[in-house]
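**Q** First, the structure itself, so that you have it in front of you.
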Amino acid sequence: MTNNIRDEIIDWLRDAYAMERGLEVSLKRMSESDQHCAEWREAAAEHLTDTRRHVVKVEGLLKSLGSKAPTLKTGTAIVTEPLKGVDTSMTRDERIKDLLTSYAMEHFEIVCYRALISAAETAGLPEVAEVCQEIIVDEERMAEAIYEHLPDAVQEHLAVSNAA
Ligand SMILES: [Fe+2]
Ligand SMILES: [Fe+2]
């Protein structure tokens with residue numbers, strides 16, 4: 001029984017690793033995009049640093065459980081899946097779509113780690129639960145920052161659109 005839970009945890013950690021690697025790509029793009037204001041670029045850059053730390057932490061957990069991280073190719077496929085409904089390329093409101101997608105992704109991360117915490121507690125792996133809880137704190141901070149920033153970004157977007 002415990003072995004099955006352990007395998008499940010390994011699977012979920014591999015998914016989490018892939019998700020974080022995928023988010024690294026989108027956060028890097030946003031932190032460098034002139035579509036975004038300086039404030040958002042900075043927030044994306046800061047969370048990029050968090051995300052790289054998450055990658056290292058999740059990789060460390062996988063190693064501690066005798067497994068290893070999946071390849072980046074797998075990761076890209078997994079992380080773009082939830083974003084399929086939102087095409088952010090070549091749209092004038094890219095900056096708003098990025099914020100909506102990012103907010104959804106932060107919450108997706110939060111529930112993935114929440115699920116891992118629950119399984120880790122059942123499997124008697126408190127160190128896994130502890131690391132996942134540390135990561136959740138960063139995701140919640142980013143989600144909050146997006147929520148706070150969104151109205152300003154919308155106003156800015158509308159002002160630019162009206163002036164065009
Ligand atoms: Fe993360
Ligand atoms: Fe995140």
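Order determines the names: the first chain of the structure tokens is A, the second B, and so forth; residues in each chain are numbered 1 upward, and ligands are numbered 1 upward as they are shown.
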Give the residue list for ligand 2 at 12 Å, counting only C-alpha atoms and all ligand atoms, as a ChimeraX atom specification, sorted by chain and then by residue number.
**A** /A:16-17,19-27,43-55,101-113,134-146
**Q** Restricting the output to C-alpha atoms, write the selected residues as a short mmCIF file (atom, residue, chain, number, x, y, z; two decimals), in the first residue's frame.
**A**
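File produced: again.cif:
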```cif
data_model
loop_
_atom_site.label_atom_id
_atom_site.label_comp_id
_atom_site.auth_asym_id
_atom_site.auth_seq_id
_atom_site.Cartn_x
_atom_site.Cartn_y
_atom_site.Cartn_z
CA ALA A 16 5.37 18.96 -10.97
CA TYR A 17 8.95 19.08 -12.22
CA MET A 19 5.19 21.89 -14.94
CA GLU A 20 7.86 24.05 -13.28
CA ARG A 21 10.22 23.66 -16.25
CA GLY A 22 7.43 24.73 -18.60
CA LEU A 23 6.59 27.73 -16.44
CA GLU A 24 10.25 28.72 -16.46
CA VAL A 25 9.86 29.26 -20.22
CA SER A 26 6.71 31.38 -20.00
CA LEU A 27 7.99 33.45 -17.07
CA ALA A 43 7.29 40.35 -10.94
CA ALA A 44 7.72 37.70 -13.65
CA ALA A 45 11.52 37.84 -13.26
CA GLU A 46 11.23 37.41 -9.49
CA HIS A 47 8.91 34.44 -9.85
CA LEU A 48 11.24 33.02 -12.48
CA THR A 49 13.87 32.90 -9.72
CA ASP A 50 11.32 31.20 -7.41
CA THR A 51 10.42 28.75 -10.16
CA ARG A 52 14.05 27.78 -10.78
CA ARG A 53 14.32 27.13 -7.05
CA HIS A 54 11.17 24.96 -7.25
CA VAL A 55 12.78 22.94 -10.05
CA THR A 101 -3.22 32.43 -17.71
CA SER A 102 -0.55 33.07 -15.09
CA TYR A 103 -3.17 33.42 -12.35
CA ALA A 104 -4.73 30.10 -13.40
CA MET A 105 -1.32 28.41 -13.55
CA GLU A 106 -0.32 29.59 -10.07
CA HIS A 107 -3.50 28.05 -8.71
CA PHE A 108 -2.90 24.88 -10.69
CA GLU A 109 0.53 24.68 -9.06
CA ILE A 110 -0.99 25.28 -5.62
CA VAL A 111 -3.45 22.38 -5.94
CA CYS A 112 -0.80 20.06 -7.40
CA TYR A 113 1.41 20.64 -4.34
CA GLU A 134 7.42 25.92 1.12
CA ILE A 135 6.77 26.02 -2.63
CA ILE A 136 3.07 26.78 -2.13
CA VAL A 137 4.01 29.94 -0.20
CA ASP A 138 5.81 31.28 -3.32
CA GLU A 139 2.91 30.34 -5.62
CA GLU A 140 0.40 32.05 -3.35
CA ARG A 141 2.53 35.19 -3.24
CA MET A 142 2.68 35.30 -7.04
CA ALA A 143 -1.07 34.65 -7.42
CA GLU A 144 -1.75 37.52 -5.02
CA ALA A 145 0.61 39.82 -6.95
CA ILE A 146 -1.20 39.02 -10.22
#
```
**Q** Name the residues of region 8-151 of chain A that fall into alpha helix (DSSP H) according to DSSP on the backbone, using the chain letters and numbers of this document, as a PyMOL selection string.
**A** chain A and resi 8-32+38-64+72-80+94-123+126-151
**Q** Please provide the set of residues having any atom within 8 Å of Arg6 (chain A), restricted to only C-alpha atoms, with same-chain residues fewer than 3 positions apart removed, written as a list in words.
**A** Thr2, Asn3, Ile9, Ile10, Ala120 and Ala123 of chain A
**Q** Using only C-alpha atoms, please write the residues we just selected to a file, as an mmCIF file, in the first residue's frame.
**A**
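Saved as again-v3.cif:
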```
data_model
loop_
_atom_site.group_PDB
_atom_site.id
_atom_site.type_symbol
_atom_site.label_atom_id
_atom_site.label_comp_id
_atom_site.auth_asym_id
_atom_site.auth_seq_id
_atom_site.Cartn_x
_atom_site.Cartn_y
_atom_site.Cartn_z
ATOM 1 C CA THR A 2 2.633 2.485 1.086
ATOM 2 C CA ASN A 3 4.739 1.519 -1.915
ATOM 3 C CA ILE A 9 4.039 10.602 -5.263
ATOM 4 C CA ILE A 10 7.000 10.034 -7.582
ATOM 5 C CA ALA A 120 3.042 12.546 1.417
ATOM 6 C CA ALA A 123 2.872 7.829 3.036
#
```
**Q** Taking only C-alpha atoms into account, which of A:Glu130, A:Asp7, A:Glu39, A:Glu32 comes nearest Leu62 (chain A)?
**A**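 Under the stated criterion, the closest residue is A:Asp7.
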**Q** Please identify all polymer residues within 12 Å of Val154 (chain A), counting only C-alpha atoms, omitting same-chain residues fewer than 5 positions from it, and present them as a PyMOL selection string.
**A** chain A and resi 36-37+93-100+146-149+159-161
**Q** Export, as a short mmCIF file (atom, residue, chain, number, x, y, z; two decimals), in the first residue's frame, the selected residues with N, CA and C atoms.
**A**
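The resulting file, again.cif, is reproduced below:
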```
data_model
loop_
_atom_site.label_atom_id
_atom_site.label_comp_id
_atom_site.auth_asym_id
_atom_site.auth_seq_id
_atom_site.Cartn_x
_atom_site.Cartn_y
_atom_site.Cartn_z
N HIS A 36 4.70 43.99 -21.80
CA HIS A 36 4.37 44.15 -20.39
C HIS A 36 5.05 45.37 -19.79
N CYS A 37 4.38 45.96 -18.79
CA CYS A 37 4.97 47.11 -18.10
C CYS A 37 6.14 46.62 -17.23
N ASP A 93 -4.24 42.02 -26.90
CA ASP A 93 -4.39 42.01 -25.44
C ASP A 93 -3.53 40.91 -24.79
N GLU A 94 -2.40 40.64 -25.39
CA GLU A 94 -1.49 39.61 -24.88
C GLU A 94 -1.17 39.83 -23.40
N ARG A 95 -0.97 41.09 -23.03
CA ARG A 95 -0.59 41.35 -21.64
C ARG A 95 -1.68 40.91 -20.66
N ILE A 96 -2.94 41.07 -21.05
CA ILE A 96 -4.04 40.67 -20.17
C ILE A 96 -4.18 39.14 -20.17
N LYS A 97 -4.11 38.54 -21.34
CA LYS A 97 -4.22 37.07 -21.44
C LYS A 97 -3.09 36.41 -20.63
N ASP A 98 -1.91 36.99 -20.68
CA ASP A 98 -0.79 36.45 -19.91
C ASP A 98 -1.11 36.46 -18.41
N LEU A 99 -1.72 37.54 -17.96
CA LEU A 99 -2.04 37.65 -16.53
C LEU A 99 -3.10 36.62 -16.14
N LEU A 100 -4.12 36.47 -16.98
CA LEU A 100 -5.19 35.51 -16.66
C LEU A 100 -4.62 34.09 -16.63
N ILE A 146 -0.48 38.92 -8.94
CA ILE A 146 -1.20 39.02 -10.22
C ILE A 146 -2.58 39.63 -9.97
N TYR A 147 -3.25 39.15 -8.95
CA TYR A 147 -4.60 39.62 -8.61
C TYR A 147 -4.59 41.12 -8.35
N GLU A 148 -3.57 41.58 -7.64
CA GLU A 148 -3.45 43.00 -7.30
C GLU A 148 -3.11 43.83 -8.53
N HIS A 149 -2.28 43.29 -9.40
CA HIS A 149 -1.78 44.03 -10.56
C HIS A 149 -2.81 44.11 -11.70
N ALA A 159 -6.52 52.15 -22.00
CA ALA A 159 -6.07 53.49 -22.37
C ALA A 159 -5.28 53.45 -23.69
N VAL A 160 -4.41 52.47 -23.81
CA VAL A 160 -3.61 52.33 -25.02
C VAL A 160 -4.50 51.98 -26.20
N SER A 161 -5.47 51.05 -26.00
CA SER A 161 -6.37 50.65 -27.08
C SER A 161 -7.22 51.82 -27.56
#
```
**Q** For CA of Leu13 (chain A) and CA of Glu42 (chain A), determine how far apart the two atoms are, in Å to one decimal place.
**A**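 Taking CA of Leu13 (chain A) and CA of Glu42 (chain A), their separation equals 28.0 Å.
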**Q** Which residue out of A:Arg92, A:Arg41, A:Lys68, A:Lys57 has the minimum interatomic distance to ligand 1 when only C-alpha atoms and all ligand atoms are used?
**A**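 That would be A:Lys57, the residue with the smallest distance to ligand 1.
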**Q** Considering only C-alpha atoms and all ligand atoms, state which residue in the set A:Gly60, A:Ala69, A:Glu121, A:Gln133 is at the smallest distance from ligand 1.
**A**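 When distances to ligand 1 are compared using only C-alpha atoms and all ligand atoms, the smallest one comes from A:Gln133.
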**Q** CA of Leu116 (chain A) and CA of Thr71 (chain A) are how many Å apart?
**A** 20.6 Å
**Q** Please, what distance in Å, to one decimal, runs between CA of Lys63 (chain A) and CA of Asp11 (chain A)?
**A** 12.7 Å
